[in-house]
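Have a look at the structure below, then the notes.
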Amino acid sequence: MEWIKLIGIVIIVIGFIYKLDTIATVVLASLVTALVSGVSLVEFLEILGKEFSNQRVLTIFMVTLPLVGLSETFGLKQRSIDLIQKIKGLTVGSFYTVYFFFRELDGFFAIRLGGHPQFVRPLVQPMGQAAAESQLGRKLTEQESEALKARAAANDNFANFFAQNTFVGAGGVLLIGGTLDQLGYESNYAGIASASLIVAGIALFIVGIYNYLFDRKLLVNKVSKGKEE
């Protein structure tokens with residue numbers, strides 16, 4: 001009956017299918033798994049509390065949210081938009097590619113700019129929208145605005161994912177090296193980071209094309225709308 005211990009996976013799958021609260025689903029799955037595995041409720045709560053305490057650094061990002069709100073209140077978003085509008089000839093695709101490069105660069109130096117709530121939403125996406133509106137000479141439609149939001153988030157995700165191991169002391173590099181050591185292979189942490197640099201370079205090239213094609217698509221839309229008018 002060892003298979004019954006996998007019931008937690010079933011609960012998580014069901015919870016995600018029915019779009020139930022994620023945290024509640026995971027905690028419930030953990031609790032059920034613990035109970036069927038012979039772990040008492042008290043022991044489960046002790047483990048849960050201990051692990052939450054050990055991993056509390058993961059919740060530090062919440063401290064930045066009030067700072068983001070204050071920055072927006074005092075005009076950071078508008079100032080960033082004004083800056084973009086002053087740069088002549090800047091397209092949204094080129095702006096996102098430049099952001100992608102700097103996002104990879106901060107990964108190389110193990111600097112974290114933030115993420116979607118702290119950086120992309122209040123700064124990158126509005127700046128990209130300002131560049132697009134300057135490029136088109138008009139306000140964006142709702143569909144275009146949503147596409148820009150998705151593209152801003154995608155560029156951040158791509159850069160973070162493909163450049164996170166370019167720093168030799170990154171957690172992913174240490175995990176890979178440690179796993180190789182455990183399996184009896186010779187690990188080379190600098191070599192792992194160097195290989196990640198190549199991947200990051202390829203990602204920059206591909207995403208650059210990806211953003212360039214988006215610029216071309218916007219240009220086609222601009223021409224077609226101009227003809228309609």
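Order determines the names: the first chain of the structure tokens is A, the second B, and so forth; residues in each chain are numbered 1 upward, and ligands are numbered 1 upward as they are shown.
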
(request) Enumerate as a PyMOL selection string all residues of region 71-197 of chain A assigned to helix (DSSP H, G or I) by DSSP on the backbone, naming them with the chain letters and numbers the document uses. (result) chain A and resi 71-73+76-86+92-108+116-136+142-163+171-182+189-197

Residue contacts of Leu204 (chain A) (9 Å, only C-alpha atoms) excluding same-chain residues fewer than 6 positions away, as a tab-separated table (two decimals) with C-alpha atoms, in the first residue's frame:
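This went into part_22.tsv:
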```tsv
chain	number	residue	atom	x	y	z
A	97	THR	CA	15.78	43.43	-26.16
A	100	PHE	CA	16.60	41.44	-21.80
A	101	PHE	CA	20.35	42.06	-22.09
A	104	GLU	CA	20.85	38.69	-18.19
A	158	PHE	CA	13.41	34.27	-20.58
A	159	ALA	CA	16.31	36.37	-19.32
```

Hey, could you make a per-residue contact list for region 184-224 of chain A against region 168-175 of chain A with 12 Å as the cut-off, showing the nearest pair of atoms and its distance in Å to one decimal, counting only C-alpha atoms, sorted by chain and number, as a Markdown table?
```
| residue | atom | partner | partner_atom | distance |
| --- | --- | --- | --- | --- |
| A:Ser187 | CA | A:Leu174 | CA | 9.7 |
| A:Asn188 | CA | A:Val173 | CA | 9.4 |
| A:Tyr189 | CA | A:Val168 | CA | 6.1 |
| A:Ala190 | CA | A:Val168 | CA | 5.8 |
| A:Gly191 | CA | A:Val168 | CA | 8.6 |
| A:Ile192 | CA | A:Val173 | CA | 6.5 |
| A:Ala193 | CA | A:Val168 | CA | 5.3 |
| A:Ser194 | CA | A:Val168 | CA | 8.4 |
| A:Ala195 | CA | A:Val173 | CA | 10.5 |
| A:Ser196 | CA | A:Val173 | CA | 9.2 |
| A:Leu197 | CA | A:Val168 | CA | 10.4 |
```

(message) Env of region 123-140 of chain A: 9 Å cut, atoms = only C-alpha atoms, seq-sep filter 3 positions within chain, self excluded. Answer as an MDAnalysis selection string.
(response) chainID A and resid 76:78 80:85 87:93 95:96 99 118:120 143:145 148:153 215 218:219 221:222

Selected residues written out with N, CA and C atoms, as a short mmCIF file (atom, residue, chain, number, x, y, z; two decimals), in the first residue's frame:
```
data_model
loop_
_atom_site.label_atom_id
_atom_site.label_comp_id
_atom_site.auth_asym_id
_atom_site.auth_seq_id
_atom_site.Cartn_x
_atom_site.Cartn_y
_atom_site.Cartn_z
N LEU A 76 7.02 57.61 -10.25
CA LEU A 76 8.11 56.87 -10.90
C LEU A 76 7.67 56.34 -12.26
N LYS A 77 6.46 55.83 -12.33
CA LYS A 77 5.95 55.28 -13.58
C LYS A 77 5.89 56.36 -14.67
N GLN A 78 5.37 57.54 -14.32
CA GLN A 78 5.25 58.61 -15.30
C GLN A 78 6.62 59.12 -15.75
N SER A 80 9.35 57.38 -15.93
CA SER A 80 9.94 56.38 -16.83
C SER A 80 9.32 56.48 -18.22
N ILE A 81 8.02 56.76 -18.27
CA ILE A 81 7.34 56.92 -19.56
C ILE A 81 7.88 58.15 -20.29
N ASP A 82 8.04 59.25 -19.55
CA ASP A 82 8.57 60.48 -20.15
C ASP A 82 9.97 60.25 -20.72
N LEU A 83 10.77 59.47 -20.01
CA LEU A 83 12.13 59.19 -20.47
C LEU A 83 12.11 58.44 -21.80
N ILE A 84 11.27 57.44 -21.91
CA ILE A 84 11.18 56.65 -23.14
C ILE A 84 10.70 57.51 -24.30
N GLN A 85 9.73 58.37 -24.05
CA GLN A 85 9.18 59.19 -25.12
C GLN A 85 10.19 60.20 -25.67
N ILE A 87 13.32 59.47 -26.23
CA ILE A 87 14.30 58.76 -27.05
C ILE A 87 13.72 58.54 -28.44
N LYS A 88 14.22 59.24 -29.41
CA LYS A 88 13.69 59.16 -30.76
C LYS A 88 14.11 57.84 -31.44
N GLY A 89 13.17 57.27 -32.16
CA GLY A 89 13.46 56.07 -32.93
C GLY A 89 13.49 54.78 -32.13
N LEU A 90 13.20 54.86 -30.84
CA LEU A 90 13.19 53.65 -30.02
C LEU A 90 11.91 52.87 -30.26
N THR A 91 12.05 51.61 -30.57
CA THR A 91 10.88 50.75 -30.76
C THR A 91 10.69 49.87 -29.54
N VAL A 92 9.50 49.35 -29.40
CA VAL A 92 9.22 48.51 -28.24
C VAL A 92 10.06 47.23 -28.28
N GLY A 93 10.28 46.70 -29.47
CA GLY A 93 11.08 45.49 -29.59
C GLY A 93 12.52 45.71 -29.17
N PHE A 95 13.59 48.08 -27.23
CA PHE A 95 13.61 48.37 -25.78
C PHE A 95 13.59 47.07 -24.98
N TYR A 96 12.71 46.15 -25.36
CA TYR A 96 12.62 44.89 -24.63
C TYR A 96 13.89 44.06 -24.80
N TYR A 99 16.38 45.56 -22.46
CA TYR A 99 16.04 45.14 -21.11
C TYR A 99 16.45 43.69 -20.89
N GLN A 118 7.54 43.75 -8.81
CA GLN A 118 8.41 44.83 -8.34
C GLN A 118 9.03 45.64 -9.46
N PHE A 119 9.18 45.06 -10.64
CA PHE A 119 9.95 45.76 -11.68
C PHE A 119 9.24 45.79 -13.03
N VAL A 120 8.71 44.66 -13.46
CA VAL A 120 8.11 44.59 -14.79
C VAL A 120 6.83 45.41 -14.86
N GLN A 143 -6.18 45.06 -27.02
CA GLN A 143 -5.51 43.82 -27.43
C GLN A 143 -4.00 44.04 -27.54
N GLU A 144 -3.60 45.16 -28.11
CA GLU A 144 -2.17 45.46 -28.23
C GLU A 144 -1.54 45.67 -26.86
N SER A 145 -2.27 46.33 -25.98
CA SER A 145 -1.76 46.57 -24.63
C SER A 145 -1.54 45.25 -23.88
N LEU A 148 1.54 43.54 -25.15
CA LEU A 148 2.76 44.13 -24.61
C LEU A 148 3.03 43.68 -23.18
N LYS A 149 1.98 43.56 -22.40
CA LYS A 149 2.14 43.07 -21.03
C LYS A 149 2.73 41.66 -21.04
N ALA A 150 2.17 40.83 -21.90
CA ALA A 150 2.66 39.45 -21.99
C ALA A 150 4.10 39.41 -22.46
N ARG A 151 4.44 40.27 -23.41
CA ARG A 151 5.81 40.28 -23.95
C ARG A 151 6.81 40.78 -22.90
N ALA A 152 6.42 41.77 -22.13
CA ALA A 152 7.30 42.26 -21.07
C ALA A 152 7.58 41.16 -20.05
N ALA A 153 6.53 40.45 -19.65
CA ALA A 153 6.70 39.35 -18.70
C ALA A 153 7.53 38.23 -19.31
N ASP A 215 8.16 44.00 -33.64
CA ASP A 215 8.21 45.36 -34.20
C ASP A 215 7.63 45.38 -35.61
N LEU A 218 3.90 45.20 -35.51
CA LEU A 218 3.30 46.49 -35.15
C LEU A 218 3.32 47.44 -36.34
N LEU A 219 4.41 47.41 -37.10
CA LEU A 219 4.52 48.28 -38.27
C LEU A 219 3.46 47.94 -39.31
N ASN A 221 0.58 46.58 -38.69
CA ASN A 221 -0.70 47.04 -38.14
C ASN A 221 -0.86 48.55 -38.32
N LYS A 222 0.25 49.27 -38.16
CA LYS A 222 0.21 50.72 -38.32
C LYS A 222 -0.16 51.10 -39.75
#
```

(request) Work out how far apart CA of Phe167 (chain A) and CA of Gly201 (chain A) are and give it in Å to one decimal. (result) 13.9 Å

(request) Go through A:Ile7, A:Ile176, A:Leu48, A:Ala147 and flag the residue nearest Val32 (chain A), using only C-alpha atoms for the distances. (result) A:Ile7
